[in-house]
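> Data file work35.cif (mmCIF, C-alpha atoms and all ligand atoms) is appended below.
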```cif
data_upload
#
loop_
_atom_site.label_atom_id
_atom_site.label_comp_id
_atom_site.auth_asym_id
_atom_site.auth_seq_id
_atom_site.Cartn_x
_atom_site.Cartn_y
_atom_site.Cartn_z
CA SER T 6 -52.08 61.52 -113.21
CA ASN T 7 -53.84 59.23 -110.71
CA TYR T 8 -53.71 55.67 -111.94
CA TRP T 9 -56.16 54.52 -109.27
CA SER T 10 -58.84 57.18 -109.46
CA ASN T 11 -61.41 54.50 -110.30
CA VAL T 12 -60.99 52.79 -106.90
CA PRO T 13 -63.94 53.52 -104.60
CA MET T 14 -63.75 53.57 -100.81
CA GLY T 15 -64.84 50.17 -99.53
CA PRO T 16 -67.00 49.58 -96.45
CA PRO T 17 -65.24 48.50 -93.24
CA ASP T 18 -65.41 44.78 -92.41
CA ALA T 19 -68.63 43.97 -90.50
CA ILE T 20 -66.75 42.35 -87.63
CA LEU T 21 -63.29 43.92 -87.68
CA GLY T 22 -64.98 47.32 -88.16
CA VAL T 23 -66.50 46.96 -84.69
CA ALA T 24 -63.02 46.53 -83.19
CA GLU T 25 -61.94 49.71 -84.95
CA ALA T 26 -64.83 51.71 -83.41
CA PHE T 27 -64.04 50.20 -80.00
CA ARG T 28 -60.42 51.35 -80.20
CA LYS T 29 -61.54 54.93 -80.80
CA ASP T 30 -63.87 55.00 -77.75
CA THR T 31 -62.15 56.63 -74.74
CA SER T 32 -64.74 55.61 -72.09
CA PRO T 33 -63.27 53.51 -69.24
CA LYS T 34 -66.50 51.46 -69.28
CA LYS T 35 -66.10 50.31 -72.87
CA VAL T 36 -66.49 46.60 -73.64
CA ASN T 37 -65.64 44.85 -76.89
CA LEU T 38 -67.98 41.96 -77.60
CA GLY T 39 -67.45 42.16 -81.35
CA VAL T 40 -64.55 40.01 -82.39
CA GLY T 41 -64.32 36.35 -81.37
CA ALA T 42 -61.10 36.30 -79.42
CA TYR T 43 -60.80 34.73 -75.99
CA ARG T 44 -60.06 36.96 -73.00
CA ASP T 45 -59.21 35.82 -69.48
CA ASP T 46 -61.20 36.98 -66.47
CA ASN T 47 -59.13 40.19 -66.36
CA ASN T 48 -60.24 40.85 -69.93
CA LYS T 49 -56.69 40.30 -71.20
CA PRO T 50 -55.56 38.29 -74.24
CA TYR T 51 -54.62 34.81 -73.08
CA VAL T 52 -51.58 32.72 -73.91
CA LEU T 53 -52.31 29.09 -73.06
CA PRO T 54 -49.83 27.52 -70.59
CA SER T 55 -49.38 24.61 -73.03
CA VAL T 56 -48.48 27.08 -75.79
CA ARG T 57 -45.95 28.92 -73.56
CA GLN T 58 -44.30 25.60 -72.70
CA ALA T 59 -44.23 24.57 -76.36
CA GLU T 60 -42.59 27.90 -77.25
CA GLU T 61 -39.89 27.35 -74.64
CA ASN T 62 -39.23 23.83 -75.89
CA ILE T 63 -38.97 25.06 -79.48
CA PHE T 64 -36.65 27.92 -78.54
CA LYS T 65 -34.27 25.48 -76.84
CA LYS T 66 -34.06 23.36 -79.99
CA CYS T 67 -32.33 26.24 -81.86
CA LEU T 68 -34.16 25.42 -85.08
CA ASN T 69 -33.47 27.16 -88.39
CA HIS T 70 -35.90 29.13 -90.55
CA GLU T 71 -35.80 27.20 -93.79
CA TYR T 72 -38.90 26.91 -95.97
CA ALA T 73 -41.56 24.38 -95.07
CA PRO T 74 -42.69 21.96 -97.80
CA ILE T 75 -45.46 23.42 -100.01
CA GLY T 76 -48.19 21.52 -98.20
CA GLY T 77 -46.62 22.08 -94.78
CA ASP T 78 -44.71 19.68 -92.54
CA PRO T 79 -46.09 16.13 -93.09
CA VAL T 80 -45.76 15.39 -89.35
CA TYR T 81 -47.95 18.40 -88.58
CA CYS T 82 -50.47 17.41 -91.26
CA ASP T 83 -50.73 13.90 -89.87
CA LEU T 84 -51.24 15.15 -86.30
CA ILE T 85 -53.96 17.62 -87.18
CA ALA T 86 -55.81 15.17 -89.44
CA LYS T 87 -55.91 12.77 -86.49
CA LEU T 88 -57.07 15.51 -84.14
CA GLY T 89 -59.96 16.27 -86.46
CA LEU T 90 -60.93 12.87 -87.82
CA GLY T 91 -59.93 10.91 -84.73
CA GLU T 92 -57.17 8.43 -83.92
CA ASN T 93 -59.26 5.58 -85.36
CA SER T 94 -60.19 7.25 -88.61
CA LEU T 95 -60.47 4.69 -91.37
CA ALA T 96 -59.61 7.32 -94.00
CA ILE T 97 -56.27 8.03 -92.30
CA LYS T 98 -55.52 4.32 -91.86
CA GLU T 99 -56.22 3.75 -95.54
CA LYS T 100 -54.20 6.88 -96.50
CA ARG T 101 -57.25 8.34 -98.25
CA ASN T 102 -56.81 11.83 -96.80
CA ALA T 103 -55.08 14.69 -98.58
CA THR T 104 -54.11 17.13 -95.80
CA VAL T 105 -52.20 20.39 -96.13
CA GLN T 106 -51.31 23.15 -93.70
CA SER T 107 -53.38 26.28 -94.38
CA ILE T 108 -53.27 29.95 -93.46
CA SER T 109 -55.58 29.38 -90.47
CA GLY T 110 -59.28 28.63 -90.99
CA THR T 111 -59.88 31.40 -93.50
CA GLY T 112 -57.02 30.18 -95.67
CA ALA T 113 -58.38 26.62 -95.51
CA LEU T 114 -61.79 27.82 -96.68
CA ARG T 115 -60.28 29.94 -99.41
CA LEU T 116 -58.07 27.12 -100.65
CA GLY T 117 -60.89 24.59 -100.41
CA PHE T 118 -63.36 26.79 -102.27
CA GLU T 119 -60.77 27.65 -104.89
CA PHE T 120 -60.02 23.96 -105.36
CA ILE T 121 -63.75 23.33 -105.84
CA GLY T 122 -63.89 26.17 -108.37
CA LYS T 123 -61.07 24.67 -110.39
CA HIS T 124 -61.52 20.92 -110.08
CA TYR T 125 -65.06 20.05 -109.02
CA ASN T 126 -67.16 18.93 -111.95
CA HIS T 127 -70.46 18.17 -110.23
CA ALA T 128 -73.03 20.73 -109.07
CA ARG T 129 -70.58 23.51 -108.31
CA GLU T 130 -72.62 25.47 -105.78
CA ILE T 131 -72.02 25.85 -102.08
CA TRP T 132 -75.02 25.82 -99.75
CA MET T 133 -74.52 27.69 -96.49
CA PRO T 134 -76.56 27.80 -93.31
CA SER T 135 -78.70 30.88 -92.75
CA PRO T 136 -77.22 32.74 -91.01
CA THR T 137 -73.52 31.96 -91.37
CA TRP T 138 -70.16 33.60 -90.76
CA GLY T 139 -70.02 36.62 -93.09
CA ASN T 140 -66.75 35.58 -94.68
CA HIS T 141 -68.21 32.37 -96.14
CA PRO T 142 -70.29 34.07 -98.87
CA GLN T 143 -67.59 36.72 -99.32
CA ILE T 144 -64.96 34.15 -100.23
CA CYS T 145 -67.36 32.63 -102.79
CA ASN T 146 -68.07 36.07 -104.23
CA THR T 147 -64.35 36.73 -104.62
CA LEU T 148 -63.94 33.43 -106.46
CA GLY T 149 -67.13 33.73 -108.50
CA ILE T 150 -68.58 30.54 -106.99
CA THR T 151 -72.37 30.25 -106.61
CA HIS T 152 -73.56 30.18 -103.01
CA LYS T 153 -77.04 29.58 -101.68
CA LYS T 154 -78.69 29.43 -98.27
CA TYR T 155 -80.39 26.62 -96.42
CA ARG T 156 -82.60 27.09 -93.37
CA TYR T 157 -80.73 26.57 -90.12
CA TYR T 158 -81.83 28.96 -87.39
CA ASP T 159 -85.47 29.46 -86.52
CA PRO T 160 -85.93 33.02 -85.22
CA ASN T 161 -89.28 32.08 -83.65
CA THR T 162 -88.11 29.18 -81.52
CA LEU T 163 -84.50 30.44 -81.34
CA LYS T 164 -83.54 26.84 -82.10
CA PHE T 165 -82.10 24.71 -84.90
CA ASN T 166 -84.70 24.30 -87.63
CA LEU T 167 -84.30 20.60 -88.43
CA LYS T 168 -87.42 20.36 -90.57
CA GLY T 169 -86.60 23.41 -92.69
CA CYS T 170 -82.99 22.29 -93.00
CA CYS T 171 -84.01 18.81 -94.21
CA GLU T 172 -86.51 20.26 -96.68
CA ASP T 173 -83.85 22.53 -98.13
CA ILE T 174 -81.33 19.70 -98.34
CA CYS T 175 -83.88 17.72 -100.35
CA SER T 176 -84.09 20.59 -102.84
CA MET T 177 -80.33 20.69 -103.47
CA PRO T 178 -79.08 19.19 -106.75
CA PRO T 179 -77.09 15.94 -106.46
CA GLY T 180 -73.40 16.65 -105.99
CA ALA T 181 -73.92 20.12 -104.51
CA ILE T 182 -71.66 21.13 -101.65
CA ILE T 183 -73.17 21.70 -98.22
CA LEU T 184 -71.18 23.82 -95.80
CA LEU T 185 -71.59 22.74 -92.18
CA HIS T 186 -70.21 24.33 -89.03
CA ALA T 187 -68.69 21.34 -87.23
CA CYS T 188 -69.42 22.78 -83.78
CA ALA T 189 -70.14 26.07 -82.00
CA HIS T 190 -72.05 27.53 -84.93
CA ASN T 191 -71.11 31.15 -85.63
CA PRO T 192 -73.10 33.38 -85.13
CA THR T 193 -76.01 31.50 -83.49
CA GLY T 194 -74.24 29.26 -80.94
CA ILE T 195 -76.75 26.54 -81.85
CA ASP T 196 -75.59 23.11 -83.04
CA PRO T 197 -77.66 20.13 -84.17
CA LYS T 198 -77.93 17.45 -81.47
CA PRO T 199 -76.16 14.10 -82.08
CA GLU T 200 -79.40 12.45 -83.23
CA GLU T 201 -80.03 15.39 -85.57
CA TRP T 202 -76.53 15.05 -87.05
CA GLN T 203 -77.38 11.41 -87.66
CA ILE T 204 -80.45 12.41 -89.69
CA LEU T 205 -78.50 15.09 -91.58
CA SER T 206 -75.77 12.60 -92.46
CA GLU T 207 -78.32 10.13 -93.82
CA ILE T 208 -80.18 12.56 -96.06
CA ILE T 209 -76.98 14.26 -97.22
CA LYS T 210 -75.76 10.83 -98.26
CA GLU T 211 -79.02 9.93 -99.94
CA LYS T 212 -78.91 13.20 -101.91
CA ARG T 213 -75.25 12.53 -102.78
CA LEU T 214 -74.15 15.94 -101.50
CA LEU T 215 -70.56 16.76 -100.62
CA PRO T 216 -70.21 17.91 -96.99
CA PHE T 217 -67.66 20.65 -96.28
CA PHE T 218 -67.04 21.07 -92.55
CA ASP T 219 -65.74 24.33 -91.17
CA MET T 220 -64.25 23.49 -87.77
CA ALA T 221 -62.92 26.74 -86.30
CA TYR T 222 -63.85 25.99 -82.68
CA GLN T 223 -62.91 22.38 -81.90
CA GLY T 224 -63.01 22.21 -78.08
CA PHE T 225 -64.77 25.52 -77.56
CA ALA T 226 -68.31 24.17 -77.60
CA THR T 227 -68.14 21.52 -74.89
CA GLY T 228 -64.58 21.87 -73.61
CA SER T 229 -63.68 18.52 -75.21
CA VAL T 230 -62.01 18.30 -78.61
CA ASP T 231 -63.40 14.79 -79.12
CA ASN T 232 -67.01 15.73 -78.33
CA ASP T 233 -66.77 18.71 -80.61
CA ALA T 234 -65.52 16.56 -83.51
CA PHE T 235 -68.58 14.29 -83.20
CA ALA T 236 -70.25 15.37 -86.44
CA VAL T 237 -67.06 15.28 -88.52
CA ARG T 238 -66.22 11.78 -87.32
CA LEU T 239 -69.80 10.55 -87.72
CA PHE T 240 -69.88 11.69 -91.35
CA GLU T 241 -66.52 10.08 -92.06
CA LYS T 242 -67.74 6.84 -90.50
CA HIS T 243 -70.82 6.98 -92.72
CA GLY T 244 -68.53 7.04 -95.74
CA HIS T 245 -68.90 10.69 -96.76
CA GLN T 246 -65.96 12.12 -98.70
CA ILE T 247 -65.85 15.13 -96.41
CA ILE T 248 -63.77 18.27 -96.76
CA LEU T 249 -62.50 19.68 -93.46
CA ALA T 250 -61.20 23.17 -92.69
CA GLN T 251 -59.41 23.46 -89.34
CA SER T 252 -58.13 26.43 -87.38
CA PHE T 253 -55.94 26.69 -84.30
CA ALA T 254 -56.73 30.35 -83.79
CA LYS T 255 -59.29 29.82 -81.05
CA ASN T 256 -58.55 26.47 -79.45
CA MET T 257 -54.82 27.16 -79.09
CA GLY T 258 -55.14 30.93 -78.93
CA LEU T 259 -52.83 31.14 -81.97
CA TYR T 260 -54.90 33.83 -83.72
CA GLY T 261 -52.04 35.79 -85.25
CA GLU T 262 -49.93 32.75 -86.11
CA ARG T 263 -52.42 31.89 -88.87
CA VAL T 264 -52.14 28.14 -88.54
CA GLY T 265 -54.75 25.64 -89.71
CA GLY T 266 -55.37 22.82 -92.12
CA LEU T 267 -57.40 21.60 -95.05
CA THR T 268 -58.25 17.93 -95.50
CA PHE T 269 -59.99 16.12 -98.33
CA VAL T 270 -61.19 12.65 -97.40
CA CYS T 271 -61.06 10.83 -100.73
CA ALA T 272 -62.50 7.63 -102.16
CA ASP T 273 -59.12 5.93 -102.39
CA GLN T 274 -55.40 6.45 -101.89
CA ASP T 275 -54.72 7.08 -105.55
CA THR T 276 -57.24 9.94 -105.66
CA ALA T 277 -55.78 11.40 -102.45
CA ALA T 278 -52.31 11.45 -104.05
CA LYS T 279 -53.66 13.26 -107.13
CA MET T 280 -55.57 15.73 -104.97
CA MET T 281 -52.41 16.41 -102.98
CA SER T 282 -50.46 17.13 -106.16
CA GLN T 283 -53.07 19.67 -107.29
CA LEU T 284 -53.29 21.28 -103.85
CA LYS T 285 -49.55 21.86 -103.99
CA ILE T 286 -49.80 23.44 -107.43
CA MET T 287 -52.52 25.76 -106.16
CA ILE T 288 -50.63 26.70 -102.98
CA ARG T 289 -47.43 27.36 -104.93
CA THR T 290 -48.99 30.30 -106.76
CA LEU T 291 -50.93 31.60 -103.74
CA TYR T 292 -48.26 31.85 -101.06
CA SER T 293 -45.66 29.26 -102.10
CA ASN T 294 -45.49 27.53 -98.71
CA PRO T 295 -46.90 28.08 -95.22
CA SER T 296 -45.35 29.81 -92.21
CA ILE T 297 -43.45 27.61 -89.80
CA ASN T 298 -43.78 29.05 -86.30
CA GLY T 299 -47.44 28.30 -85.62
CA SER T 300 -47.26 24.79 -86.98
CA ARG T 301 -44.19 24.09 -84.83
CA ILE T 302 -46.17 25.06 -81.74
CA VAL T 303 -49.13 22.87 -82.73
CA THR T 304 -46.79 19.97 -83.55
CA GLU T 305 -44.94 20.33 -80.24
CA ILE T 306 -48.23 20.19 -78.32
CA LEU T 307 -49.94 17.40 -80.24
CA SER T 308 -46.87 15.14 -80.32
CA SER T 309 -46.09 15.29 -76.60
CA PRO T 310 -48.51 13.36 -74.34
CA GLU T 311 -47.83 15.71 -71.39
CA LEU T 312 -48.25 18.90 -73.39
CA LYS T 313 -51.33 17.55 -75.09
CA ALA T 314 -52.86 16.74 -71.71
CA GLN T 315 -52.08 20.29 -70.56
CA TRP T 316 -53.62 21.71 -73.74
CA LEU T 317 -56.84 19.72 -73.27
CA LYS T 318 -57.01 21.22 -69.75
CA ASP T 319 -56.39 24.71 -71.14
CA VAL T 320 -59.20 24.33 -73.72
CA LYS T 321 -61.58 23.08 -71.05
CA GLU T 322 -60.71 26.00 -68.81
CA MET T 323 -61.52 28.51 -71.59
CA ALA T 324 -64.79 26.76 -72.46
CA ASP T 325 -65.77 26.60 -68.78
CA ARG T 326 -65.12 30.29 -68.21
CA ILE T 327 -67.37 31.13 -71.14
CA ILE T 328 -70.10 28.83 -69.81
CA LEU T 329 -69.83 30.55 -66.39
CA MET T 330 -70.11 34.00 -67.99
CA ARG T 331 -73.24 32.90 -69.86
CA LYS T 332 -74.77 31.91 -66.54
CA LYS T 333 -73.80 35.18 -64.84
CA LEU T 334 -75.02 37.29 -67.74
CA ARG T 335 -78.40 35.55 -67.78
CA GLU T 336 -78.76 35.86 -64.00
CA GLY T 337 -77.75 39.51 -64.19
CA ILE T 338 -80.48 40.32 -66.70
CA GLU T 339 -83.13 38.22 -64.95
CA LYS T 340 -82.49 39.66 -61.50
CA ARG T 341 -83.11 43.14 -62.90
CA GLY T 342 -86.67 42.01 -63.57
CA SER T 343 -86.53 41.56 -67.34
CA LYS T 344 -89.86 40.57 -68.91
CA HIS T 345 -88.12 38.59 -71.65
CA LYS T 346 -86.86 35.02 -71.74
CA TRP T 347 -83.08 34.66 -71.64
CA ASP T 348 -82.57 30.91 -71.43
CA HIS T 349 -80.98 30.95 -74.91
CA ILE T 350 -77.95 32.67 -73.37
CA THR T 351 -77.13 29.50 -71.47
CA SER T 352 -78.45 26.96 -73.96
CA GLN T 353 -76.32 28.29 -76.82
CA ILE T 354 -72.74 27.07 -76.94
CA GLY T 355 -69.31 28.16 -78.08
CA MET T 356 -67.87 31.61 -78.12
CA PHE T 357 -70.93 33.49 -79.30
CA CYS T 358 -74.37 34.32 -78.07
CA TYR T 359 -77.01 35.33 -80.58
CA THR T 360 -78.84 37.64 -78.22
CA GLY T 361 -81.86 38.50 -80.33
CA LEU T 362 -81.14 42.24 -79.86
CA LYS T 363 -82.56 44.30 -82.74
CA PRO T 364 -80.30 46.66 -84.73
CA GLU T 365 -81.68 49.75 -82.90
CA GLN T 366 -81.03 48.06 -79.53
CA VAL T 367 -77.51 47.21 -80.64
CA LEU T 368 -77.03 50.87 -81.51
CA ARG T 369 -78.16 51.88 -78.00
CA MET T 370 -75.80 49.33 -76.43
CA THR T 371 -72.94 51.11 -78.14
CA LYS T 372 -74.12 54.74 -77.85
CA GLU T 373 -75.35 54.67 -74.25
CA PHE T 374 -73.28 51.88 -72.70
CA HIS T 375 -70.07 51.78 -74.77
CA ILE T 376 -70.60 48.10 -75.50
CA TYR T 377 -69.52 47.03 -78.98
CA LEU T 378 -71.13 44.16 -80.89
CA THR T 379 -72.12 43.32 -84.46
CA LYS T 380 -75.42 44.62 -85.88
CA ASP T 381 -76.96 41.14 -85.92
CA GLY T 382 -76.97 41.15 -82.09
CA ARG T 383 -74.17 38.62 -81.78
CA ILE T 384 -71.95 38.99 -78.70
CA SER T 385 -68.65 37.26 -78.05
CA VAL T 386 -69.16 35.85 -74.56
CA ALA T 387 -65.38 35.49 -74.36
CA GLY T 388 -65.23 39.29 -74.00
CA ILE T 389 -67.31 39.19 -70.81
CA CYS T 390 -65.56 38.89 -67.44
CA SER T 391 -66.34 39.25 -63.71
CA SER T 392 -65.70 42.99 -63.76
CA ASN T 393 -67.94 43.86 -66.74
CA VAL T 394 -70.71 41.27 -66.65
CA GLU T 395 -73.02 43.46 -64.52
CA HIS T 396 -72.52 46.42 -66.85
CA VAL T 397 -73.38 44.24 -69.87
CA ALA T 398 -76.42 42.75 -68.07
CA GLU T 399 -77.65 46.22 -67.10
CA ALA T 400 -77.28 47.43 -70.68
CA MET T 401 -79.05 44.42 -72.19
CA HIS T 402 -81.88 44.82 -69.70
CA LYS T 403 -82.26 48.56 -70.29
CA VAL T 404 -82.26 48.40 -74.09
CA THR T 405 -84.87 45.62 -74.07
CA ALA T 406 -87.05 47.03 -71.24
N1 LIG T 501 -64.90 29.87 -89.70
C1 LIG T 501 -65.67 30.44 -88.76
C2 LIG T 501 -67.08 30.02 -88.63
C3 LIG T 501 -65.11 31.40 -87.91
O1 LIG T 501 -65.88 31.95 -86.98
C4 LIG T 501 -63.76 31.76 -88.05
C5 LIG T 501 -63.14 32.77 -87.15
N2 LIG T 501 -63.85 33.90 -86.87
C6 LIG T 501 -63.02 31.14 -89.06
C7 LIG T 501 -63.62 30.20 -89.85
C8 LIG T 501 -61.57 31.37 -89.37
O2 LIG T 501 -60.80 32.08 -88.54
P1 LIG T 501 -59.23 32.09 -88.71
O3 LIG T 501 -58.93 32.39 -90.13
O4 LIG T 501 -58.78 33.15 -87.79
O5 LIG T 501 -58.75 30.73 -88.32
#
```
Write out the structure in this file as structure tokens.


Amino acid sequence: SNYWSNVPMGPPDAILGVAEAFRKDTSPKKVNLGVGAYRDDNNKPYVLPSVRQAEENIFKKCLNHEYAPIGGDPVYCDLIAKLGLGENSLAIKEKRNATVQSISGTGALRLGFEFIGKHYNHAREIWMPSPTWGNHPQICNTLGITHKKYRYYDPNTLKFNLKGCCEDICSMPPGAIILLHACAHNPTGIDPKPEEWQILSEIIKEKRLLPFFDMAYQGFATGSVDNDAFAVRLFEKHGHQIILAQSFAKNMGLYGERVGGLTFVCADQDTAAKMMSQLKIMIRTLYSNPSINGSRIVTEILSSPELKAQWLKDVKEMADRIILMRKKLREGIEKRGSKHKWDHITSQIGMFCYTGLKPEQVLRMTKEFHIYLTKDGRISVAGICSSNVEHVAEAMHKVTA
């Protein structure tokens, strides 16, 4: 008999499904703008020079492969907390942070949400920007945690909707959790300006909400890891007990190493110690302890002043190439005589551009031009390079003409 005859075929993942379709296409002109992974100007996966050097250094140390502690290496945790919250973070100085290594950004979100599900006894609902990364609501659904939407993107102005966002925040119950993209908002590429973050921080505090920052792109928005951590550090300075999910997939190009972190900034050291103990109990039954290779690379880079300087250069170089491709793509569409406005291509930041292409136009991009992107019209600008930018511009012009 078939013990699993009840199991239905599930739909392919909205983003990873695009990569699958791309792989099957045999056209030499095909372009994958679906998944958010950086490519160099030859459209090849990129290993950062700082990462290569770190790997060599680690290899020479002839290290063993013993288990890491449940929460990850404390040296690693300390380094990444400082990278996120800043060298001068009061929370770190006062030992009020509970930081663990996570299975990249997704694992940090999953662990953080699960922790909320088990231990949070205030308004246990997570408010997410509309739109947001598709995995955010999915993780909540898996865990049975209520999630709701707040206004973020205004499709008319193609800008951040500060007024709508503030109104929605005012309607949230005290203690609710508000999920914020720390920088390089996915999928819109639109972040609040510093003065807007200031306003958000004030009303979030007034409403006694708990801010949960998802920081998957530190360095990718502006090319500077400090600039991109502005909001996180501002909120900490304002006394919020923030939760922070970090990923080194994008900014170190360590996608497949699955290395990241989860930090709870707590009210006091005693609470942080209790939180840490419960995080360890939760991790123990999920995956027991984290993998060691990725965190060794991150530790090697962040603990060596020379390697860290090289890494900051590497991040800037990736961000700059994306900014250049935005410019070329916009010029390419405009010089073909497009009747539409395309300034959002260059005003949006980070890895993605929310093009405004409608689902039927997206379909034509793929069918006629072999260009793969998600149905919402989001393109990964990191997949554009000198040799395909004209093809992409031509396609975007033709499908919107
Ligand atoms: N959050 C957001 C908003 C993302 O875009 C991503 C990556 N696509 C992640 C989290 C996590 O990615 P990873 O698990 O690869 O670190």

> Produce the centre coordinates and the three edge lengths, each in Å to one decimal, of the box along x, y and z that contains all listed atoms of ligand LIG 501 (chain T) with 3 Å added on each side, as AutoDock Vina command-line options.


```
--center_x -62.9 --center_y 31.9 --center_z -88.5 --size_x 14.3 --size_y 10.0 --size_z 9.3
```

> Which residues are near Thr151 (chain T)? Cut-off 7 Å, only C-alpha atoms, ignore same chain within fewer than 4 positions. Put them as a PDB file with C-alpha atoms, keeping the file's coordinate frame.


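Resulting contents of result_1.pdb:
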```
ATOM      1  CA  GLU T 130     -72.620  25.470-105.780  1.00  0.00           C
ATOM      2  CA  ILE T 131     -72.020  25.850-102.080  1.00  0.00           C
ATOM      3  CA  CYS T 145     -67.360  32.630-102.790  1.00  0.00           C
TER       4      CYS T 145
END
```

> T:Gly194, T:Gly110, T:Pro134, T:Gly139: which is nearest ligand LIG 501 (chain T), counting all atoms listed in the file?

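Using all atoms listed in the file, ligand LIG 501 (chain T) sits closest to T:Gly110.
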
> Tell me, as a VMD selection string, which residues lie within 10 Å of Tyr260 (chain T), counting all atoms listed in the file; anything in the same chain fewer than 6 positions away does not count.

chain T and resid 42 to 43 109 to 110 252 to 254 299

> Write out as an mmCIF file with C-alpha atoms, in the frame of the given file which residues come within 12 Å of Ser293 (chain T) when counting only C-alpha atoms, dropping same-chain ones fewer than 6 positions away.


```cif
data_model
loop_
_atom_site.group_PDB
_atom_site.id
_atom_site.type_symbol
_atom_site.label_atom_id
_atom_site.label_comp_id
_atom_site.auth_asym_id
_atom_site.auth_seq_id
_atom_site.Cartn_x
_atom_site.Cartn_y
_atom_site.Cartn_z
ATOM 1 C CA TYR T 72 -38.900 26.910 -95.970
ATOM 2 C CA ALA T 73 -41.560 24.380 -95.070
ATOM 3 C CA PRO T 74 -42.690 21.960 -97.800
ATOM 4 C CA ILE T 75 -45.460 23.420 -100.010
ATOM 5 C CA GLY T 76 -48.190 21.520 -98.200
ATOM 6 C CA GLY T 77 -46.620 22.080 -94.780
ATOM 7 C CA GLN T 106 -51.310 23.150 -93.700
ATOM 8 C CA SER T 107 -53.380 26.280 -94.380
ATOM 9 C CA ILE T 108 -53.270 29.950 -93.460
ATOM 10 C CA LEU T 284 -53.290 21.280 -103.850
ATOM 11 C CA LYS T 285 -49.550 21.860 -103.990
ATOM 12 C CA ILE T 286 -49.800 23.440 -107.430
ATOM 13 C CA MET T 287 -52.520 25.760 -106.160
#
```

> For region 387-391 of chain T, list every protein, DNA or RNA residue within 9 Å, evaluated using all atoms listed in the file, and leave out those in the same chain fewer than 6 positions away; present the list as an mmCIF file with C-alpha atoms, keeping the file's coordinate frame.


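Saved as out.cif:
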```
data_model
loop_
_atom_site.group_PDB
_atom_site.id
_atom_site.type_symbol
_atom_site.label_atom_id
_atom_site.label_comp_id
_atom_site.auth_asym_id
_atom_site.auth_seq_id
_atom_site.Cartn_x
_atom_site.Cartn_y
_atom_site.Cartn_z
ATOM 1 C CA VAL T 36 -66.490 46.600 -73.640
ATOM 2 C CA ASN T 37 -65.640 44.850 -76.890
ATOM 3 C CA LEU T 38 -67.980 41.960 -77.600
ATOM 4 C CA GLY T 39 -67.450 42.160 -81.350
ATOM 5 C CA VAL T 40 -64.550 40.010 -82.390
ATOM 6 C CA GLY T 41 -64.320 36.350 -81.370
ATOM 7 C CA ALA T 42 -61.100 36.300 -79.420
ATOM 8 C CA TYR T 43 -60.800 34.730 -75.990
ATOM 9 C CA ARG T 44 -60.060 36.960 -73.000
ATOM 10 C CA ASP T 45 -59.210 35.820 -69.480
ATOM 11 C CA ASP T 46 -61.200 36.980 -66.470
ATOM 12 C CA ASN T 47 -59.130 40.190 -66.360
ATOM 13 C CA ASN T 48 -60.240 40.850 -69.930
ATOM 14 C CA MET T 323 -61.520 28.510 -71.590
ATOM 15 C CA ALA T 324 -64.790 26.760 -72.460
ATOM 16 C CA ARG T 326 -65.120 30.290 -68.210
ATOM 17 C CA ILE T 327 -67.370 31.130 -71.140
ATOM 18 C CA MET T 330 -70.110 34.000 -67.990
ATOM 19 C CA ARG T 331 -73.240 32.900 -69.860
ATOM 20 C CA LYS T 333 -73.800 35.180 -64.840
ATOM 21 C CA LEU T 334 -75.020 37.290 -67.740
ATOM 22 C CA MET T 356 -67.870 31.610 -78.120
ATOM 23 C CA PHE T 357 -70.930 33.490 -79.300
ATOM 24 C CA VAL T 397 -73.380 44.240 -69.870
#
```

> Which residues, protein or nucleic acid, reach to within 12 Å of (-63.6, 11.4, -95.7) in the file's coordinates when using all atoms listed in the file, and can you give that as a compact mmCIF listing (two decimals) with C-alpha atoms, in the coordinates of the input?


```txt
# COMPACT_ATOMS: atom_id res chain seq x y z
CA ALA T 86 -55.81 15.17 -89.44
CA GLY T 89 -59.96 16.27 -86.46
CA LEU T 90 -60.93 12.87 -87.82
CA GLY T 91 -59.93 10.91 -84.73
CA SER T 94 -60.19 7.25 -88.61
CA LEU T 95 -60.47 4.69 -91.37
CA ALA T 96 -59.61 7.32 -94.00
CA ILE T 97 -56.27 8.03 -92.30
CA LYS T 98 -55.52 4.32 -91.86
CA GLU T 99 -56.22 3.75 -95.54
CA LYS T 100 -54.20 6.88 -96.50
CA ARG T 101 -57.25 8.34 -98.25
CA ASN T 102 -56.81 11.83 -96.80
CA ALA T 103 -55.08 14.69 -98.58
CA THR T 104 -54.11 17.13 -95.80
CA LEU T 215 -70.56 16.76 -100.62
CA PRO T 216 -70.21 17.91 -96.99
CA PHE T 217 -67.66 20.65 -96.28
CA PHE T 218 -67.04 21.07 -92.55
CA VAL T 237 -67.06 15.28 -88.52
CA ARG T 238 -66.22 11.78 -87.32
CA LEU T 239 -69.80 10.55 -87.72
CA PHE T 240 -69.88 11.69 -91.35
CA GLU T 241 -66.52 10.08 -92.06
CA LYS T 242 -67.74 6.84 -90.50
CA HIS T 243 -70.82 6.98 -92.72
CA GLY T 244 -68.53 7.04 -95.74
CA HIS T 245 -68.90 10.69 -96.76
CA GLN T 246 -65.96 12.12 -98.70
CA ILE T 247 -65.85 15.13 -96.41
CA ILE T 248 -63.77 18.27 -96.76
CA LEU T 249 -62.50 19.68 -93.46
CA LEU T 267 -57.40 21.60 -95.05
CA THR T 268 -58.25 17.93 -95.50
CA PHE T 269 -59.99 16.12 -98.33
CA VAL T 270 -61.19 12.65 -97.40
CA CYS T 271 -61.06 10.83 -100.73
CA ALA T 272 -62.50 7.63 -102.16
CA ASP T 273 -59.12 5.93 -102.39
CA GLN T 274 -55.40 6.45 -101.89
CA THR T 276 -57.24 9.94 -105.66
CA ALA T 277 -55.78 11.40 -102.45
```
